[in-house]
Each structure stands twice: as structure tokens, then as C-alpha cells.
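Below: one structure, written as C-alpha cells.
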Amino acid sequence: MNILDELRTRFEPALSEWTDDPSSVIEMLKASQDARFGDYQANFAMPLAARLDGIKPRDLAVQIAEKVDLSDFCEPLEIAGPGFINIKLKQDWLEGLTKQLVPDDRLGVSPARKPQKVVVDFSAPNVAKPMHVGHLRSSVIGDANYRVLQYLGHDVVGDNHIGDWGTQFGMIIFGYKHFLDEDAFQKNPVNELARLYRLVNQLSDYHVTQKAVPLRQTEIEELGAKLQTLETTANLTDKKIQKQLKKLKSDIGERKSELTSMQEKLTEFEQDEDLKSKAVAFPDIARQAREETARLHAGDADNLELWKQFLPECLDAIQTVYDRLDIHFDLTLGESFYQPMLADVVADLKQKGLAKESQGAICVFMEGFEAPFIVQKQDGAFTYATTDLATIKYRAEELQADRVLYVVDSRQSDHFQLLFATVKQWGFTNLELQHVSFGTILGKNKRPYKTRSGDTVGLESLLDESIQRAHAIVAENDDAKPDGPELNETERQQIAEAVGLGGIKYADLKHNRDSDYVFDWDKMLANRGDTATYMQYAYARVCGIFRKGNIDRSALRNEQAALCLTEESERALALQINRYSEILESVAIEARPNYLTNYLFELSNLFSTFYSNCHVLKAEEEQVKTSRLLLCDLTARVINHGLSLLGIRTCERM
């Protein structure tokens, strides 16, 4: 049962006397942050009173409370402070509700009353390159949302909208034709294709930097001249002039720093004779690579054959990573799938008067947006915007989606705002579109997480290192046990996999997804604090209680034993267990897995307090022992299930 939902349902009719839209304030009824103020607390009397004349918030709270009948499951409502309504559940009702969870495989979580068809678009790597740490957030955030929505009874489609048709393939095809190491390609095709991509990109960047250096020098000279003029002709005591001087000096410093960096990059590049000779041989490599992309898109037989040769190898490589992370998709429809639909999309936009020509390109101009949505370039090529529009049309018409989640980093926010606005004008008004944005993974230097050489960290190497570190921790802890090690090497490796991969996922998911976070091995694998390991240990501790007592958990659930919550820590633990349903609903609505991680962390903390305060196996009365064992079992089941919705495994021994 979703207690919060039931409370809000009871309060809404009462609130209609003071507002035409009770839904605008009903979310101000929440779980209490402090048990002294009840189990739930409502503070909507304050904002409502501000809209009304001649009534104080506390008096309004009293009147609201008088209109609501919660006597079947709550104690009499208490009005506190300036107008808070404190709500406490009846003890016997909470005990009965908790008892109902014991045989319930769904742990009190009811399926959605109005299930939706939801497409979750996540991960979406460019397949011609090995996956790196930058793909981690979209993959694990998307997977967690997929799992939660599916558990709540929605018809969920996980779609990996892979980049399998873009400019990177033109670069790879060009590299394949001119720089291929045949032996390396035979041994590991994906690594060789990635090398070719990096090489062509590096050569292109060299020529761009070469051209940029004199421009930057000119900028510095022009800014220097402005500075000199200002210093010699202006009133230097004028604060506005001082501000201009400071800005000019800052700009000159920045340009000089950039110039130095460019020159160092060119020098380092030119010291490599092989790279230098390739750059001399292909001075227009960026254009040539784009032409290879254009040939591919035009259906050139040779380029299409190479693309077909490369793609399966690339897909197999990324699938290996997904298998390790236990991430699955229902569809993998990349850019190439939508390519045949793009011309029709542009034609339809033009026919409906949404798209028009502007400086040779076809654009959609949306009110409130400075930049247009370019759907076809001057040279006739289609854009990512066109593909995104075709994708939405397909999901709405073919998949019959009600809601689409785009799990894409926050740097794309402007693009999605313009995309969603265009889609509404295009006619897809009943489709709910949500950008599930997220921040960047940072190193301890607070910059994007990279290797010491400055390369982006490969995702497979990251997973390997996490498992290795976890194995060392597991082995050390096992060796330190008072009665000697309990685990064999196979068990240690299995636990290391669960802890290592779980630690990486949880460290990502526990943060507000909009925020950047610092990647820290020591913190993410610690067995204390807000980590997956802490919760995995809590689960294993419960399993250990049942092993020690030689108690069959399944048989225990079948007993018709009463459940008594006499100690405060017992009650607090039971209440948290019963909140599982409302937390999952919140995750589903806002696509924020950190709500679930916060809940599980608090549940584990409450269990630790309960276990410290209440004897379980040594309880003085058999009835109390059984009741506490049931609480232990429910705690373990919720932790295990909650972590599984985050894509994290548990182990019965650690």
C-alpha cells in the first residue's frame, strides 16, 4: 500500500474548499523528516492562507484537519507551529499493514493504476569506438529507470539509439582506406577502427589548430592595441575604464594561454615524424572524411560494404560491456534505421508550414528560441535534429508510446527544449517527452575524469579495476575474520564482481543526476556510509542471522505469527519498509534513482539501529523473536529488491 498516496487522496477533497486546484499544494504533504513531528507532515496551510484574506495559517490548518477523516488508520491530527499538520499512524494499523507484507512477493507495491507505454532512450554510444566512462551515466541511470517503471507495471521499451551512421564512420572509412594496419585489424577489429578514428581526428585537429594559431595571434595584437590606446588616452581613475582595462588584460591573458597550448600541441605533433608526414600528405583530411560520409549516405557500394563489415564487430564489442553491467535493451535502432524516413520528415514539416528555407538550409523557427532547428543543411544533408524528429514520429505512431525518456547529458538541454517544442507544433501533443539530464563524472581535480595521459577512461578497464580493488577488500576482510577465512576463491570472485560493479553503479545513481560528481574509488567501495557495499553488507548480515539461528526464511513467512512493534527502533524500521511503494512511485514520476538510493541507505541505517537496540535470536520471548525475525526478513527482501532495481546484485555471504 502507498500510504502517502492514501493520505493525499483523503486530504484533496477537503482542500477544495480553499483552492480550486488542490493538486497544486497536495505534494506539500510528505514523509516527516523527524519522528518527533509524526510519520507524515503537511504544510499546505501556509501557502493557502497567503492566498486568502483574514485567516491565519494555524487557524486554517485546524479547519483543514477538521474536514479530514483519518480515524481508521491515524491518530488524531496535531497542529504544530505556524500551521503544520502532523500525522501519526496508529500502532495496531501499522503492525497489521507490515504483517500483510510478509507473504507479499511485491512487498506492498501495487501495479500502476494507469499503465503507460514508456520508451526509455539510454546509453546510445557511437558504435565505432570502444565505450568509455562518458557512457556510464546514461547507461546506469537509464537502466534503473527502465527497471523501476517495468516493476510498477508500465509497458517499457528500452531503446539504445546507437550512433551507427554519423560522421565518425566517414572518418573511419577514410582511415581504413589510407592507414589500415591489416594485422591489427584481424586481431582486434574494434581496437583498430578506434585507432583509425583517433588518427583521422588527430590529423584533422592538427590542421584546424595550424589555421587557428595566426588568428589567435592577430586577436592578441588587436586586444593589445586596444589596451595601449586605453592606457594612454583614457582617464585611468574612472571606475568604468578600470573595469574595461581589467577585462582586456584578462582576455589577453586567456588568449595567450590558449596560444601557448596550441603551439605546444603543434610542436608535440610535429616531433612525431609519422604523424607529420601523414598531415603533409593529407592537408584537407577533414573535408575528405566528410566526403566519405556523404558517399555512405548516398549509398556508395564500397562504403556501404565497409559499413556492413564494421558494424557487427562494433555491436559485439559494446554488447560485451552491457553483458558485464547486466544491462539489456528491447530495441537497438540506430541512426541508420531512421535514414530512409528523413526526407519525408522534412517534407511533412514544410507541408505543415513549420519548416522553411533560410540561407539555403531548411529550418524550423520556434517562438521563444533564438536559434532555428536546422533539419536539412545547405548541401542537402540531414541533421541529428531530423533523425530525432523521425525517431519521435516512429515511437508515437509505430510503438504507440505515451511517454519517452531521453537519458542524455545536460549539455544537450537546449537541443531537447527546441526538439520538444517542435514536436508539439508538429502535432504530437499527447506524447509526454522528458529529458532525463545528468552531469559529468569528474576526477579529483574536478575536471572530466581522464587517464593520466589525458585520454578518456575506457569503460571496460574501469570495470576491471573496480573488480580488482573489490577483490582485494573482500580477501582482506575475509582473512581478518576471528575464526579464519570463510570464503573460497570462487566465492571471493563472485562477491568482488557484485561489490565492484555495484559500487560503480551506486556511486553514480546516489547523486542528484543533474549534478557533476567526483569519482573516488575509496569512497565508492567503502563498507560504511552511503555505498552499495554498506547495503550489501546489511543484506548479508540478515542472511547471517538466519544461518546462525538455522531458520528457514520461507517457512517463517508461512507461520501465522503476530508482528509487534513495541520498541521505537522496530516501529521506525517497519514504517520505512512500508514506504517502499511511495518511493518507487516518486522515482517513476521524476526519473530520479537517487530517491531509491536515499531510501535504501536510510533503511540500512534504521536496520543497524534496530539490530543494536533489539536482541533477535536472543530475544527473551519466542513471540518477540519471531516478530523481529520477520522484520529482519522484510528488511533483507526490500534491500535485495531495491538494489536489483538499480542493477546491483547482493550476496548472502561477504
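Labeling convention for the C-alpha cells: chains A, B, ... as they appear, residues from 1 per chain, ligands from 1 in order of appearance.
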Could you build a table of the residues in segment 61-138 of chain A lying no more than 8 Å from segment 424-446 of chain A, giving for each the nearest pair of atoms and their separation in Å rounded to one decimal place, using only C-alpha atoms, ordered by chain and ascending residue number, as CSV?
```
residue,atom,partner,partner_atom,distance
A:Val133,CA,A:Ile441,CA,7.9
A:Gly134,CA,A:Ile441,CA,7.4
A:Arg137,CA,A:Phe438,CA,7.4
A:Ser138,CA,A:Phe438,CA,7.8
```
Residues near Gln63 of chain A, cut-off 12 Å, only C-alpha atoms, skip fewer than 4 positions along chain, as a PyMOL selection string
chain A and resi 11+14-15+17-18+45+49+55-59+67-68+77-79+83+85
Name all residues at most 9 Å from Asn43 of chain A (count only C-alpha atoms; drop same-chain ones fewer than 4 positions away) and give them as a VMD selection string.
chain A and resid 25 28 to 30 47 61 83 to 86
Using all heavy atoms, can you write the selected residues to a file as an mmCIF file, in the first residue's frame?
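As a result, part04.cif now contains:
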```cif
data_model
loop_
_atom_site.group_PDB
_atom_site.id
_atom_site.type_symbol
_atom_site.label_atom_id
_atom_site.label_comp_id
_atom_site.auth_asym_id
_atom_site.auth_seq_id
_atom_site.Cartn_x
_atom_site.Cartn_y
_atom_site.Cartn_z
ATOM 1 N N VAL A 25 -1.066 22.019 -4.235
ATOM 2 C CA VAL A 25 -0.437 22.058 -2.909
ATOM 3 C C VAL A 25 -0.344 20.682 -2.251
ATOM 4 O O VAL A 25 0.325 20.538 -1.225
ATOM 5 C CB VAL A 25 -1.194 23.020 -1.958
ATOM 6 C CG1 VAL A 25 -1.072 24.450 -2.422
ATOM 7 C CG2 VAL A 25 -2.653 22.612 -1.821
ATOM 8 N N MET A 28 2.748 19.016 -0.806
ATOM 9 C CA MET A 28 3.361 19.528 0.419
ATOM 10 C C MET A 28 3.049 18.635 1.608
ATOM 11 O O MET A 28 3.450 18.919 2.730
ATOM 12 C CB MET A 28 2.895 20.963 0.668
ATOM 13 C CG MET A 28 3.270 21.902 -0.478
ATOM 14 S SD MET A 28 2.767 23.604 -0.215
ATOM 15 C CE MET A 28 4.103 24.168 0.827
ATOM 16 N N LEU A 29 2.316 17.573 1.363
ATOM 17 C CA LEU A 29 2.140 16.515 2.362
ATOM 18 C C LEU A 29 3.204 15.458 2.060
ATOM 19 O O LEU A 29 3.203 14.828 1.007
ATOM 20 C CB LEU A 29 0.734 15.912 2.251
ATOM 21 C CG LEU A 29 0.230 15.065 3.430
ATOM 22 C CD1 LEU A 29 -1.267 14.787 3.286
ATOM 23 C CD2 LEU A 29 0.959 13.728 3.568
ATOM 24 N N LYS A 30 4.132 15.296 2.980
ATOM 25 C CA LYS A 30 5.295 14.437 2.747
ATOM 26 C C LYS A 30 5.603 13.609 3.988
ATOM 27 O O LYS A 30 5.072 13.869 5.071
ATOM 28 C CB LYS A 30 6.534 15.285 2.404
ATOM 29 C CG LYS A 30 6.396 16.141 1.173
ATOM 30 C CD LYS A 30 7.662 16.967 0.946
ATOM 31 C CE LYS A 30 7.541 17.823 -0.292
ATOM 32 N NZ LYS A 30 8.768 18.638 -0.530
ATOM 33 N N PRO A 47 0.907 28.294 2.518
ATOM 34 C CA PRO A 47 0.698 28.938 1.211
ATOM 35 C C PRO A 47 -0.771 29.218 0.909
ATOM 36 O O PRO A 47 -1.090 30.211 0.243
ATOM 37 C CB PRO A 47 1.292 27.937 0.216
ATOM 38 C CG PRO A 47 1.316 26.631 0.924
ATOM 39 C CD PRO A 47 1.536 26.962 2.365
ATOM 40 N N ALA A 61 -5.098 25.529 9.250
ATOM 41 C CA ALA A 61 -4.690 24.141 9.451
ATOM 42 C C ALA A 61 -5.694 23.400 10.327
ATOM 43 O O ALA A 61 -6.026 22.234 10.073
ATOM 44 C CB ALA A 61 -3.294 24.092 10.077
ATOM 45 N N GLY A 83 1.385 26.289 11.572
ATOM 46 C CA GLY A 83 0.312 25.676 10.789
ATOM 47 C C GLY A 83 0.667 24.333 10.186
ATOM 48 O O GLY A 83 0.061 23.913 9.194
ATOM 49 N N PHE A 84 1.633 23.648 10.771
ATOM 50 C CA PHE A 84 1.971 22.303 10.309
ATOM 51 C C PHE A 84 0.912 21.316 10.794
ATOM 52 O O PHE A 84 0.443 21.405 11.936
ATOM 53 C CB PHE A 84 3.337 21.867 10.836
ATOM 54 C CG PHE A 84 4.487 22.691 10.310
ATOM 55 C CD1 PHE A 84 5.100 23.643 11.112
ATOM 56 C CD2 PHE A 84 4.940 22.521 9.017
ATOM 57 C CE1 PHE A 84 6.152 24.406 10.638
ATOM 58 C CE2 PHE A 84 5.996 23.272 8.517
ATOM 59 C CZ PHE A 84 6.603 24.219 9.336
ATOM 60 N N ILE A 85 0.555 20.363 9.948
ATOM 61 C CA ILE A 85 -0.354 19.289 10.340
ATOM 62 C C ILE A 85 0.468 18.016 10.456
ATOM 63 O O ILE A 85 0.995 17.509 9.462
ATOM 64 C CB ILE A 85 -1.485 19.101 9.311
ATOM 65 C CG1 ILE A 85 -2.267 20.406 9.132
ATOM 66 C CG2 ILE A 85 -2.414 17.969 9.736
ATOM 67 C CD1 ILE A 85 -3.309 20.354 8.023
ATOM 68 N N ASN A 86 0.612 17.522 11.698
ATOM 69 C CA ASN A 86 1.403 16.318 11.948
ATOM 70 C C ASN A 86 0.493 15.091 11.962
ATOM 71 O O ASN A 86 -0.569 15.096 12.579
ATOM 72 C CB ASN A 86 2.146 16.431 13.282
ATOM 73 C CG ASN A 86 3.177 17.549 13.261
ATOM 74 O OD1 ASN A 86 3.597 17.991 12.193
ATOM 75 N ND2 ASN A 86 3.574 18.013 14.438
#
```
I need the residue nearest Asp284 of chain A from this list: A:Thr237, A:Ser204, A:Ser569, A:Thr320. Use only C-alpha atoms for the distance.
A:Ser204
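The space between atom CA of Ile648 of chain A and atom CA of Ser612 of chain A spans 26.4 Å.
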Calculated over only C-alpha atoms, which of the candidates A:Glu585, A:Asp478, A:Glu305, A:Asp552 has the smallest distance to Leu629 of chain A?
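Ranked by minimum distance to Leu629 of chain A, first place goes to A:Asp552.
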